[in-house]
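A.B. asks: Sharing work-v8.txt here; it has compact mmCIF, C-alpha atoms.
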```txt
# COMPACT_ATOMS: atom_id res chain seq x y z
CA MET A 1377 6.54 23.97 1.53
CA ALA A 1378 6.18 27.10 3.64
CA ALA A 1379 7.44 25.33 6.71
CA GLU A 1380 10.67 24.32 5.05
CA ALA A 1381 11.14 27.68 3.40
CA ALA A 1382 11.49 29.36 6.79
CA HIS A 1383 14.61 27.33 7.54
CA GLY A 1384 15.85 27.18 3.96
CA PRO A 1385 17.60 23.84 3.34
CA ALA A 1386 21.15 24.16 2.11
CA THR A 1387 20.50 22.29 -1.11
CA VAL A 1388 17.69 20.72 -3.07
CA THR A 1389 19.28 17.33 -2.44
CA GLU A 1390 19.09 17.84 1.32
CA TYR A 1391 15.43 18.77 1.09
CA ILE A 1392 14.59 15.64 -0.91
CA GLN A 1393 16.69 13.35 1.30
CA HIS A 1394 15.06 14.81 4.40
CA HIS A 1395 11.61 13.78 3.11
CA LEU A 1396 12.62 10.39 1.75
CA THR A 1397 14.75 9.11 4.65
CA ASN A 1398 13.18 6.79 7.20
CA TRP A 1399 13.38 7.11 10.95
CA SER A 1400 15.22 3.84 11.53
CA TRP A 1401 16.66 1.80 14.36
CA GLN A 1402 19.52 -0.65 13.81
CA PHE A 1403 19.65 -3.37 16.47
CA GLY A 1404 22.27 -5.65 14.91
CA ASP A 1405 25.76 -5.56 13.50
CA SER A 1406 24.69 -5.11 9.87
CA ALA A 1407 22.26 -2.86 8.04
CA PHE A 1408 19.99 -5.86 7.50
CA TRP A 1409 18.97 -5.69 11.17
CA THR A 1410 17.32 -2.30 10.78
CA LEU A 1411 13.72 -1.38 11.50
CA ASN A 1412 12.05 1.55 9.78
CA VAL A 1413 10.24 2.73 12.87
CA ASP A 1414 8.11 5.33 11.11
CA SER A 1415 6.76 2.80 8.59
CA LEU A 1416 5.92 0.33 11.36
CA LEU A 1417 4.33 3.10 13.42
CA TRP A 1418 2.10 4.25 10.57
CA SER A 1419 1.16 0.68 9.64
CA VAL A 1420 0.07 -0.12 13.20
CA LEU A 1421 -1.69 3.23 13.58
CA MET A 1422 -3.64 2.84 10.33
CA GLY A 1423 -4.52 -0.73 11.30
CA MET A 1424 -5.93 0.56 14.59
CA VAL A 1425 -7.85 3.29 12.75
CA PHE A 1426 -9.36 0.63 10.50
CA LEU A 1427 -10.36 -1.66 13.38
CA VAL A 1428 -11.79 1.09 15.57
CA SER A 1429 -13.65 2.90 12.77
CA PHE A 1430 -15.26 -0.28 11.43
CA ALA A 1431 -16.13 -1.45 14.94
CA ILE A 1432 -17.91 1.85 15.54
CA ALA A 1433 -19.66 1.57 12.16
CA VAL A 1434 -20.86 -1.96 12.99
CA ARG A 1435 -22.09 -0.96 16.44
CA THR A 1436 -23.85 2.11 15.05
CA GLY A 1437 -25.48 -0.01 12.34
CA LYS A 1438 -26.84 -2.48 14.89
CA ARG A 1439 -28.39 0.32 16.90
CA SER A 1440 -30.12 1.94 13.92
CA LEU A 1441 -31.30 -0.91 11.70
CA ASP A 1442 -34.42 1.03 10.70
CA LYS A 1443 -32.46 4.08 9.48
CA ALA A 1444 -30.50 4.65 6.29
CA PRO A 1445 -26.72 4.62 6.87
CA THR A 1446 -24.96 7.99 6.97
CA GLY A 1447 -21.40 9.25 7.34
CA PHE A 1448 -18.65 6.68 7.79
CA GLN A 1449 -21.20 3.90 8.29
CA LYS A 1450 -22.37 4.47 4.70
CA TYR A 1451 -18.77 4.28 3.46
CA ALA A 1452 -18.11 1.11 5.46
CA GLU A 1453 -21.21 -0.62 4.13
CA GLY A 1454 -20.30 0.45 0.60
CA VAL A 1455 -16.80 -1.04 0.93
CA VAL A 1456 -18.15 -4.29 2.37
CA THR A 1457 -20.73 -4.60 -0.42
CA MET A 1458 -18.18 -3.82 -3.15
CA VAL A 1459 -15.62 -6.32 -1.85
CA ASP A 1460 -18.22 -9.00 -1.18
CA ASN A 1461 -19.52 -8.72 -4.75
CA SER A 1462 -15.97 -8.86 -6.12
CA VAL A 1463 -15.25 -12.03 -4.14
CA LYS A 1464 -18.51 -13.68 -5.26
CA ASP A 1465 -17.75 -12.84 -8.90
CA SER A 1466 -14.22 -14.31 -8.67
CA MET A 1467 -14.64 -17.30 -6.36
CA HIS A 1468 -16.29 -20.55 -7.45
CA VAL A 1469 -16.39 -21.85 -3.86
CA SER A 1470 -17.36 -20.13 -0.63
CA SER A 1471 -14.68 -19.14 1.86
CA PRO A 1472 -15.21 -17.32 5.17
CA LEU A 1473 -11.71 -15.82 5.01
CA ILE A 1474 -11.36 -14.18 1.58
CA ALA A 1475 -13.90 -11.34 1.88
CA PRO A 1476 -12.74 -10.16 5.36
CA LEU A 1477 -9.12 -10.40 4.21
CA ALA A 1478 -9.85 -8.38 1.06
CA ILE A 1479 -11.71 -5.71 3.07
CA THR A 1480 -8.78 -5.48 5.50
CA ILE A 1481 -6.23 -5.16 2.69
CA PHE A 1482 -8.24 -2.53 0.80
CA CYS A 1483 -8.86 -0.33 3.84
CA LEU A 1484 -5.36 -0.71 5.29
CA VAL A 1485 -3.66 0.17 2.00
CA LEU A 1486 -6.14 3.00 1.39
CA PHE A 1487 -5.58 4.53 4.84
CA MET A 1488 -1.78 4.29 4.51
CA ASN A 1489 -1.90 5.79 1.02
CA ALA A 1490 -4.21 8.61 2.15
CA ILE A 1491 -1.50 10.05 4.42
CA ASP A 1492 0.17 11.18 1.18
CA LEU A 1493 -2.65 13.70 0.71
CA PHE A 1494 -1.37 15.83 3.61
CA PRO A 1495 0.94 18.78 2.76
CA VAL A 1496 4.37 17.39 1.98
CA ASP A 1497 6.11 19.22 4.88
CA TRP A 1498 3.47 18.61 7.52
CA TRP A 1499 4.55 15.29 9.03
CA SER A 1500 8.28 15.24 8.24
CA THR A 1501 9.05 18.87 9.09
CA VAL A 1502 6.31 20.46 11.21
CA VAL A 1503 5.37 17.47 13.36
CA ALA A 1504 8.46 15.23 13.39
CA GLU A 1505 11.40 17.64 13.08
CA ARG A 1506 10.09 20.73 14.85
CA GLY A 1507 7.55 19.10 17.12
CA VAL A 1508 9.41 15.99 18.28
CA GLY A 1509 12.99 16.64 17.18
CA LEU A 1510 13.38 13.78 14.69
CA GLU A 1511 15.85 14.42 11.88
CA SER A 1512 14.21 11.90 9.53
CA PHE A 1513 10.61 10.77 9.31
CA LYS A 1514 8.55 9.33 6.42
CA SER A 1515 4.80 9.43 6.81
CA VAL A 1516 3.64 7.25 3.88
CA ALA A 1517 4.26 3.62 4.83
CA THR A 1518 3.54 2.35 1.31
CA THR A 1519 6.57 4.28 0.00
CA ASP A 1520 8.67 1.81 2.02
CA PRO A 1521 9.32 -1.42 0.04
CA ASN A 1522 9.64 -3.32 3.32
CA ILE A 1523 5.96 -2.69 4.01
CA THR A 1524 4.71 -3.47 0.50
CA PHE A 1525 6.83 -6.62 0.25
CA GLY A 1526 5.64 -7.68 3.70
CA MET A 1527 2.01 -7.47 2.60
CA ALA A 1528 2.75 -9.14 -0.73
CA LEU A 1529 4.59 -12.03 0.97
CA THR A 1530 1.65 -12.49 3.34
CA VAL A 1531 -0.66 -12.84 0.34
CA PHE A 1532 1.85 -15.21 -1.31
CA LEU A 1533 1.96 -17.47 1.76
CA LEU A 1534 -1.84 -17.55 1.96
CA VAL A 1535 -2.01 -18.48 -1.73
CA GLN A 1536 0.42 -21.35 -1.18
CA TYR A 1537 -1.53 -22.52 1.87
CA PHE A 1538 -4.82 -22.64 -0.04
CA ASN A 1539 -3.14 -24.32 -3.02
CA PHE A 1540 -2.06 -27.18 -0.80
CA LYS A 1541 -5.32 -27.24 1.15
CA MET A 1542 -7.67 -27.24 -1.85
CA LYS A 1543 -5.62 -29.31 -4.33
CA GLY A 1544 -3.54 -31.49 -2.04
CA VAL A 1545 0.18 -32.08 -2.41
CA GLY A 1546 -0.32 -34.35 -5.44
CA GLY A 1547 -2.73 -32.02 -7.20
CA TYR A 1548 -0.52 -28.99 -6.68
CA ALA A 1549 2.52 -30.95 -7.86
CA ARG A 1550 0.67 -32.04 -11.02
CA GLU A 1551 -0.18 -28.40 -11.69
CA PHE A 1552 3.51 -27.53 -11.59
CA LEU A 1553 4.46 -30.52 -13.75
CA LEU A 1554 1.69 -30.47 -16.37
CA HIS A 1555 0.69 -26.83 -16.74
CA PRO A 1556 0.62 -25.06 -19.17
CA PHE A 1557 1.85 -27.94 -21.40
CA ASN A 1558 0.08 -31.18 -20.57
CA HIS A 1559 2.93 -33.60 -21.36
CA TRP A 1560 5.47 -35.24 -19.06
CA ALA A 1561 8.31 -34.54 -21.49
CA LEU A 1562 7.79 -30.81 -20.95
CA ALA A 1563 7.65 -31.07 -17.16
CA PRO A 1564 11.00 -29.26 -16.57
CA PHE A 1565 9.84 -26.39 -18.77
CA ASN A 1566 6.49 -26.27 -16.94
CA ILE A 1567 8.26 -26.16 -13.57
CA LEU A 1568 10.40 -23.25 -14.73
CA LEU A 1569 7.39 -21.30 -16.02
CA ASN A 1570 5.40 -21.91 -12.84
CA LEU A 1571 8.30 -20.91 -10.59
CA VAL A 1572 8.70 -17.65 -12.52
CA GLU A 1573 4.96 -17.01 -12.27
CA GLN A 1574 4.85 -17.71 -8.53
CA ILE A 1575 7.82 -15.45 -7.81
CA ALA A 1576 6.60 -12.68 -10.11
CA ARG A 1577 3.24 -12.39 -8.36
CA PRO A 1578 4.42 -11.07 -4.96
CA VAL A 1579 7.25 -9.07 -6.56
CA SER A 1580 4.91 -7.27 -8.97
CA LEU A 1581 2.27 -6.85 -6.27
CA ALA A 1582 4.77 -5.14 -3.95
CA LEU A 1583 6.63 -3.08 -6.55
CA ARG A 1584 3.44 -1.78 -8.21
CA LEU A 1585 2.17 -0.29 -4.95
CA PHE A 1586 5.60 0.95 -3.85
CA GLY A 1587 6.52 2.43 -7.24
CA ASN A 1588 3.28 4.35 -7.73
CA MET A 1589 3.19 5.77 -4.20
CA TYR A 1590 6.91 6.60 -4.15
CA ALA A 1591 6.64 8.40 -7.49
CA GLY A 1592 3.60 10.33 -6.27
CA GLU A 1593 5.43 11.36 -3.10
CA LEU A 1594 8.45 12.46 -5.13
CA VAL A 1595 6.29 14.61 -7.41
CA MET A 1596 4.76 16.30 -4.35
CA ILE A 1597 8.25 16.99 -2.99
CA LEU A 1598 9.36 18.48 -6.31
CA ILE A 1599 6.28 20.71 -6.34
CA GLY A 1600 7.20 21.73 -2.80
CA LEU A 1601 10.60 22.82 -4.14
CA PHE A 1602 9.01 25.00 -6.83
CA ALA A 1603 9.12 28.25 -4.85
CA LEU A 1604 11.53 27.22 -2.10
CA SER A 1605 14.56 28.96 -3.55
CA LYS A 1606 12.76 32.33 -3.47
CA GLY A 1607 11.74 32.08 0.17
CA TRP A 1608 8.61 33.79 1.43
CA PRO A 1609 6.42 35.51 -1.24
CA PHE A 1610 7.42 39.09 -0.39
CA SER A 1611 8.46 39.98 -3.96
CA PHE A 1612 6.53 39.84 -7.23
CA GLY A 1613 8.66 36.99 -8.60
CA ALA A 1614 8.42 34.91 -5.41
CA ALA A 1615 4.66 35.48 -5.19
CA GLY A 1616 4.25 34.24 -8.76
CA LEU A 1617 6.18 31.08 -7.98
CA TRP A 1618 4.12 30.46 -4.84
CA ILE A 1619 0.89 30.86 -6.81
CA GLY A 1620 2.23 28.45 -9.42
CA GLN A 1621 3.17 26.01 -6.66
CA LEU A 1622 -0.33 26.17 -5.17
CA VAL A 1623 -1.92 25.55 -8.58
CA LEU A 1624 0.39 22.63 -9.36
CA GLY A 1625 -0.08 21.20 -5.87
CA ALA A 1626 -3.86 21.37 -6.12
CA ALA A 1627 -3.86 19.81 -9.60
CA TRP A 1628 -1.53 16.97 -8.67
CA GLY A 1629 -3.31 16.43 -5.35
CA SER A 1630 -6.63 16.02 -7.14
CA PHE A 1631 -5.08 13.48 -9.50
CA HIS A 1632 -3.27 11.76 -6.64
CA VAL A 1633 -6.59 10.99 -4.94
CA ILE A 1634 -7.32 8.68 -7.87
CA ILE A 1635 -3.92 6.99 -7.48
CA VAL A 1636 -4.47 6.50 -3.74
CA LEU A 1637 -7.82 4.80 -4.35
CA LEU A 1638 -6.75 2.88 -7.45
CA GLN A 1639 -3.65 1.33 -5.90
CA ALA A 1640 -5.63 0.08 -2.91
CA PHE A 1641 -8.26 -1.37 -5.24
CA ILE A 1642 -5.67 -3.07 -7.49
CA PHE A 1643 -3.86 -4.65 -4.53
CA MET A 1644 -7.18 -5.96 -3.18
CA MET A 1645 -8.39 -7.28 -6.54
CA LEU A 1646 -5.14 -9.08 -7.33
CA THR A 1647 -5.26 -10.68 -3.88
CA ILE A 1648 -8.78 -11.94 -4.60
CA VAL A 1649 -7.74 -13.22 -8.04
CA TYR A 1650 -4.68 -15.07 -6.71
CA LEU A 1651 -6.70 -16.67 -3.90
CA ALA A 1652 -9.49 -17.59 -6.33
CA MET A 1653 -6.92 -19.33 -8.54
CA ALA A 1654 -5.65 -21.21 -5.50
CA HIS A 1655 -9.20 -22.43 -4.80
CA ASP A 1656 -9.71 -23.58 -8.41
CA THR A 1657 -9.29 -27.36 -8.37
CA GLY A 1658 -10.30 -28.14 -11.96
CA GLY A 1659 -8.56 -28.02 -15.29
CA HIS A 1660 -5.11 -29.44 -14.56
```
Show how you would write the structure in this file as structure tokens.

C.D. replies:
Amino acid sequence: MAAEAAHGPATVTEYIQHHLTNWSWQFGDSAFWTLNVDSLLWSVLMGMVFLVSFAIAVRTGKRSLDKAPTGFQKYAEGVVTMVDNSVKDSMHVSSPLIAPLAITIFCLVLFMNAIDLFPVDWWSTVVAERGVGLESFKSVATTDPNITFGMALTVFLLVQYFNFKMKGVGGYAREFLLHPFNHWALAPFNILLNLVEQIARPVSLALRLFGNMYAGELVMILIGLFALSKGWPFSFGAAGLWIGQLVLGAAWGSFHVIIVLLQAFIFMMLTIVYLAMAHDTGGH
């Protein structure tokens, strides 16, 4: 907010576009061959933060087995316990992959979402534009549909793999042909319903996360614009707007913490549910 006010963007549209435009690299002849470098950078960085932080928590826990966990170790153990209980409640068979996968998804999405809690101008303006000289830079990877669809498609492929592994080709085919209506005459209708369901799962999984985080980021940007037109708070009117902006920012930021946590939890739980359904071999 304050950082951008010093330069004073020409229009509100320019300010919004500056915050919502990716740092991209096109390496082909068409726009399809474009990488959003900032989204990839943040995804890899948050993945490394997750791996390093949990590795430290595990090593610390092994060294102090006789002491109660504190700090990040307590958080890590709480996440592992929560996810493990969720998997046990949803799965009817044991799987060495589901719980670690769910923990990874929850923490990765949570860490990427949490970047949205920084001041709206910090990464795009202060660090990227003024510090490094980048004209465009988005800091919240989950506001990029390429990232959310990439994660959702990964879950979708794992679900298909376990469907074939647990049910076999014949069992999975019978599920498509005879569910929800257990009659061969309705097989075409069953196939259509199942195809819609299979396609809707990754699409809804990706769009739910993207839509909520993108909307939250946009609200923060609009709050950042609240006092921008008045510049620095050297007059009574400008000071009032800046105070209003701080109040609105604090209120929305407090609410946004819930969104950040909730979206990570929903993505994780739906992943567990879809994989549990893929492991279910009875009923059809």

A.B. asks: Counting all atoms listed in the file, find residues at most 9 Å from (-8.8, -3.1, 0.2) (file frame) and give them as a ChimeraX atom specification.

C.D. replies: /A:1455,1459,1477-1486,1640-1645

A.B. asks: Include C-alpha atoms and write out the residues we just selected as a PDB file, keeping the file's coordinate frame.

C.D. replies:
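Result saved to result05.pdb:
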```pdb
ATOM      1  CA  VAL A1455     -16.800  -1.040   0.930  1.00  0.00           C
ATOM      2  CA  VAL A1459     -15.620  -6.320  -1.850  1.00  0.00           C
ATOM      3  CA  LEU A1477      -9.120 -10.400   4.210  1.00  0.00           C
ATOM      4  CA  ALA A1478      -9.850  -8.380   1.060  1.00  0.00           C
ATOM      5  CA  ILE A1479     -11.710  -5.710   3.070  1.00  0.00           C
ATOM      6  CA  THR A1480      -8.780  -5.480   5.500  1.00  0.00           C
ATOM      7  CA  ILE A1481      -6.230  -5.160   2.690  1.00  0.00           C
ATOM      8  CA  PHE A1482      -8.240  -2.530   0.800  1.00  0.00           C
ATOM      9  CA  CYS A1483      -8.860  -0.330   3.840  1.00  0.00           C
ATOM     10  CA  LEU A1484      -5.360  -0.710   5.290  1.00  0.00           C
ATOM     11  CA  VAL A1485      -3.660   0.170   2.000  1.00  0.00           C
ATOM     12  CA  LEU A1486      -6.140   3.000   1.390  1.00  0.00           C
ATOM     13  CA  ALA A1640      -5.630   0.080  -2.910  1.00  0.00           C
ATOM     14  CA  PHE A1641      -8.260  -1.370  -5.240  1.00  0.00           C
ATOM     15  CA  ILE A1642      -5.670  -3.070  -7.490  1.00  0.00           C
ATOM     16  CA  PHE A1643      -3.860  -4.650  -4.530  1.00  0.00           C
ATOM     17  CA  MET A1644      -7.180  -5.960  -3.180  1.00  0.00           C
ATOM     18  CA  MET A1645      -8.390  -7.280  -6.540  1.00  0.00           C
TER      19      MET A1645
END
```

A.B. asks: Could you pull the residues within 12 Å of region 1403-1419 of chain A, counting all atoms listed in the file, minus those fewer than 5 positions along the same chain, as JSON, numbers by chain?

C.D. replies: {"A": [1396, 1397, 1398, 1424, 1425, 1426, 1481, 1483, 1484, 1485, 1486, 1487, 1488, 1489, 1490, 1491, 1492, 1499, 1500, 1504, 1510, 1511, 1512, 1513, 1514, 1515, 1516, 1517, 1518, 1519, 1520, 1521, 1522, 1523, 1524, 1526, 1527]}

A.B. asks: So which one's closest to Leu1534 (chain A), A:Ile1474, A:Met1422, A:Leu1598, A:Ala1626? Using all atoms listed in the file, please.

C.D. replies: A:Ile1474

A.B. asks: Hey, which of A:Gly1546, A:Met1589, A:His1395, A:Tyr1650 ends up closest to Thr1501 (chain A)? Count all atoms listed in the file.

C.D. replies: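 Distance minimum relative to Thr1501 (chain A) lands on A:His1395.
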
A.B. asks: Which residue gives the smallest distance to Ile1635 (chain A) among A:Leu1493, A:Leu1553, A:Ala1444, A:Leu1617, with all atoms listed in the file counted?

C.D. replies: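 Looking at the shortest contact to Ile1635 (chain A), the residue is A:Leu1493.
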
A.B. asks: What does the distance between CA of Phe1552 (chain A) and CA of Ala1528 (chain A) come to in Å, to one decimal place?

C.D. replies: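 CA of Phe1552 (chain A) sits 21.4 Å away from CA of Ala1528 (chain A).
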
A.B. asks: I'd like the interatomic distance between CA of Asn1588 (chain A) and CA of Val1531 (chain A), to a tenth of an Å.

C.D. replies: 19.4 Å

A.B. asks: What does the structure give for the distance between CA of Val1503 (chain A) and CA of Glu1593 (chain A), in Å to one decimal?

C.D. replies: 17.6 Å

A.B. asks: Ranking A:Leu1421, A:Met1458, A:Leu1651, A:Ala1433 by minimum distance to Met1542 (chain A) and counting only C-alpha atoms, which one comes first?

C.D. replies: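 Smallest separation from Met1542 (chain A) among the options: A:Leu1651.
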
A.B. asks: Would you list the contacts of Met1653 (chain A) as a PDB file with C-alpha atoms, keeping the file's coordinate frame, taking every protein, DNA or RNA residue within 9 Å and counting all atoms listed in the file, but skipping same-chain residues closer than 2 positions in sequence?

C.D. replies:
```pdb
ATOM      1  CA  SER A1466     -14.220 -14.310  -8.670  1.00  0.00           C
ATOM      2  CA  MET A1467     -14.640 -17.300  -6.360  1.00  0.00           C
ATOM      3  CA  VAL A1535      -2.010 -18.480  -1.730  1.00  0.00           C
ATOM      4  CA  ASN A1539      -3.140 -24.320  -3.020  1.00  0.00           C
ATOM      5  CA  ILE A1648      -8.780 -11.940  -4.600  1.00  0.00           C
ATOM      6  CA  VAL A1649      -7.740 -13.220  -8.040  1.00  0.00           C
ATOM      7  CA  TYR A1650      -4.680 -15.070  -6.710  1.00  0.00           C
ATOM      8  CA  LEU A1651      -6.700 -16.670  -3.900  1.00  0.00           C
ATOM      9  CA  HIS A1655      -9.200 -22.430  -4.800  1.00  0.00           C
ATOM     10  CA  ASP A1656      -9.710 -23.580  -8.410  1.00  0.00           C
ATOM     11  CA  THR A1657      -9.290 -27.360  -8.370  1.00  0.00           C
TER      12      THR A1657
END
```

A.B. asks: Give the answer as one residue: which of A:Val1388, A:Ala1654, A:Val1496, A:Val1502 has the shortest atom-to-atom distance to Lys1541 (chain A), using all atoms listed in the file?

C.D. replies: A:Ala1654

A.B. asks: Find the residues near Asn1570 (chain A): any atom within 10 Å, counting only C-alpha atoms, skip ones fewer than 2 places away on the same chain, and give them as a PyMOL selection string.

C.D. replies: chain A and resi 1551-1556+1564-1568+1572-1576

A.B. asks: For each of A:Val1623, A:Tyr1548, A:Ser1470, A:Val1636, take the minimum atom-to-atom distance to Phe1586 (chain A), counting only C-alpha atoms, then give the residue where this is smallest.

C.D. replies: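 That would be A:Val1636, the residue with the smallest distance to Phe1586 (chain A).
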